[in-house]
Amino acid sequence: MDALLLARWQFGITTVYQFIFVPLTLGLSVLVAVMQTFYYRTGNETYKKMTLFWGKLFIVLFTLGVVTGIVQEFQFGMNWSEYSRFVGDIFGIPLAIEALMAFFIESTFIGLWLFGWDRLSKPVHLACIWMVAIASNLSAVWILIANAWMQVPVGYVMRNDRAELADFVAILLNERALVQIPHTIIAGFVTGGLFVIGISAWNLLHNHRRDMFMKSMRIALVFTAVASLATATTGHSQAQETVKTQPMKLAAMEALWETEEPASWSVVAWIDQENQMSRRELRIPYLLSVMAHNNLTGEVRGIRDLQEEYEERHGPGNYAPPVAVIYWSFRLMVLLGMCFIGTSLWGLWMWWRERLHDHRLYLKTCMAVLFLPFLANTAGWIVAEMGRQPWIVYGLMLTEEGVSSIIGSATVWISMISFTVLYGALAGLAFYLVYRFARPAPDNSDELEKAHLY
């Protein structure tokens, strides 16, 4: 393997691994804040125990997310120095703001919340966890603003073969960011909600502290039902934006080789990218036009026409991403999203029928669904990032042009193997700690819960 392919593999491995923790902490931080708010408003000790229990898990996951995220930024200088040189004037700004504004706030207030039990007043202590939740999601906002610029570059001028900042407001109001931010953050809420639902279901099946875990599950069910429906609507908005700004990605998502007007939607397809065709497929007429343009007659451009256009604009080359990977990743993400909506609505139905606490099939289903949001998030990341290929900055810089020119394949092999082994060990540690702390302490044990928290 050459250095380019190895650098791409290393970035993919480390990013997918970190993306296990980031969406989970986005949703879980808000849920812990909601639970503590219930405790503040009602004075019910059960809500305090809930806050302590889920707070332990949040601390573990937040810590691992921070540790694994450090590697990401090092790669820009190590493996992707040409990319850093090209976009550093723009890309570095939101990342710097994220560290100075969001991460520092998050780190400061998580310490105050962690050690502030019985030391801070209740309103101040509650404000600390809300600051953690807000800063966690604000951190994601700045990172997504940076990523949105890679997807749809705006507010820049080209000088000395570099993209330099010309309009910071345009970057903040990038149309891609405005649809990408809500979809990604709300997907994190779904991840956190299903995490709470799954672990609550496990404890209910084992008759552990039923009152506490019933309350946890009910809060998470409402939270997840709203978030999963919102994820679907924001995802639709993001797909429609993709039609306008990244038509090749949309064509790959639908395995649409020829331009169609009206456009049919592909249910399943056997894709032959080498010959640019789908050998077997099932399509529904008009539906893609409806999804892309909210009408029955809208045109959706195909891969072949777009390839010709890009060759005229950018020169010879293959401008189509790996269609089969994008096509099936998109369908997996959508299918899992429908599963999450169904799981949360089923739970609300069981709650209304007063069967939530003893419906074993539903509780076992929740335990199985617990791990699926991580798969859905990974599939969505693959669609977003691999669908942009062969561009590292869409329309401006090819991925092959961004790799470091002095880094050899042996060097990347060493770092990739080292990080992969380290991340594997951290994954084992994460699983052990979550499993350990997901088992509740005995009833009436506030002091024991707090002792385990810090």
# chains A, B, ... in the order shown; residues from 1 in each chain; ligands from 1
$ residues_around --residues "A:Arg279" --least-positions-apart "5" --cutoff "8 Å" --atoms "only C-alpha atoms" --output "list of chain:residue names"
A:Ala269, A:Trp270, A:Ile271, A:Asp272
$ write_last_selection --atoms "N, CA and C atoms" --output "CSV table (one decimal), in the first residue's frame"
chain,number,residue,atom,x,y,z
A,269,ALA,N,-30.3,-2.5,-5.6
A,269,ALA,CA,-29.5,-2.6,-6.8
A,269,ALA,C,-28.3,-3.4,-6.7
A,270,TRP,N,-27.9,-4.2,-7.8
A,270,TRP,CA,-26.7,-4.9,-7.9
A,270,TRP,C,-25.8,-4.0,-8.7
A,271,ILE,N,-24.8,-3.4,-8.1
A,271,ILE,CA,-24.0,-2.3,-8.7
A,271,ILE,C,-22.7,-2.8,-9.4
A,272,ASP,N,-22.5,-2.4,-10.6
A,272,ASP,CA,-21.3,-2.7,-11.3
A,272,ASP,C,-20.7,-1.4,-11.7
$ residues_around --residues "A:Tyr310" --least-positions-apart "6" --cutoff "12 Å" --atoms "only C-alpha atoms" --output "ChimeraX atom specification"
/A:246-248,303-304,316-320,390-391,394-396
$ residues_around --residues "A:Gly77" --least-positions-apart "3" --cutoff "12 Å" --atoms "only C-alpha atoms" --output "PyMOL selection string"
chain A and resi 7+71-74+80-88+92+402-407
$ closest_residue --among "A:Thr14, A:Asn203, A:Ser228, A:Asn377" --to "A:Thr343" --atoms "only C-alpha atoms"
A:Ser228
$ residues_around --residues "stretch 295-299 of chain A" --least-positions-apart "6" --cutoff "8 Å" --atoms "only C-alpha atoms" --output "list in words"
Thr259, Glu260, Glu261, Pro262, Ala263, Tyr286, Leu287 and Ser289 of chain A
$ residues_around --residues "A:Gly380" --least-positions-apart "3" --cutoff "9 Å" --atoms "only C-alpha atoms" --output "PyMOL selection string"
chain A and resi 329-330+332-333+375-377+383-385
$ write_last_selection --atoms "C-alpha atoms" --output "CSV table (one decimal), in the first residue's frame"
chain,number,residue,atom,x,y,z
A,329,SER,CA,-24.4,2.8,3.6
A,330,PHE,CA,-27.1,5.3,2.9
A,332,LEU,CA,-28.4,1.1,6.1
A,333,MET,CA,-28.6,4.5,7.8
A,375,LEU,CA,-23.6,1.6,13.2
A,376,ALA,CA,-26.0,4.2,11.8
A,377,ASN,CA,-23.6,7.0,12.8
A,383,VAL,CA,-21.9,8.7,3.1
A,384,ALA,CA,-20.8,12.2,4.0
A,385,GLU,CA,-17.0,11.7,3.6
$ atom_distance --atom1 "atom CA of A:Thr68" --atom2 "atom CA of A:Leu426"
8.8 Å
$ atom_distance --atom1 "atom CA of A:Asp118" --atom2 "atom CA of A:Leu31"
21.1 Å
$ closest_atom_pairs --of "stretch 13-55 of chain A" --to "stretch 205-225 of chain A" --cutoff "8 Å" --atoms "only C-alpha atoms" --output "tab-separated table"
residue	atom	partner	partner_atom	distance
A:Leu31	CA	A:Ala220	CA	7.4
A:Thr46	CA	A:Met212	CA	5.9
A:Tyr47	CA	A:Met212	CA	7.4
A:Lys49	CA	A:Met212	CA	7.6
A:Met50	CA	A:Met212	CA	6.4
$ select_by_dssp --residues "stretch 150-276 of chain A" --states "helix (DSSP H, G or I)" --output "VMD selection string"
chain A and resid 150 to 151 168 to 172 175 to 205 210 to 245 247 to 253
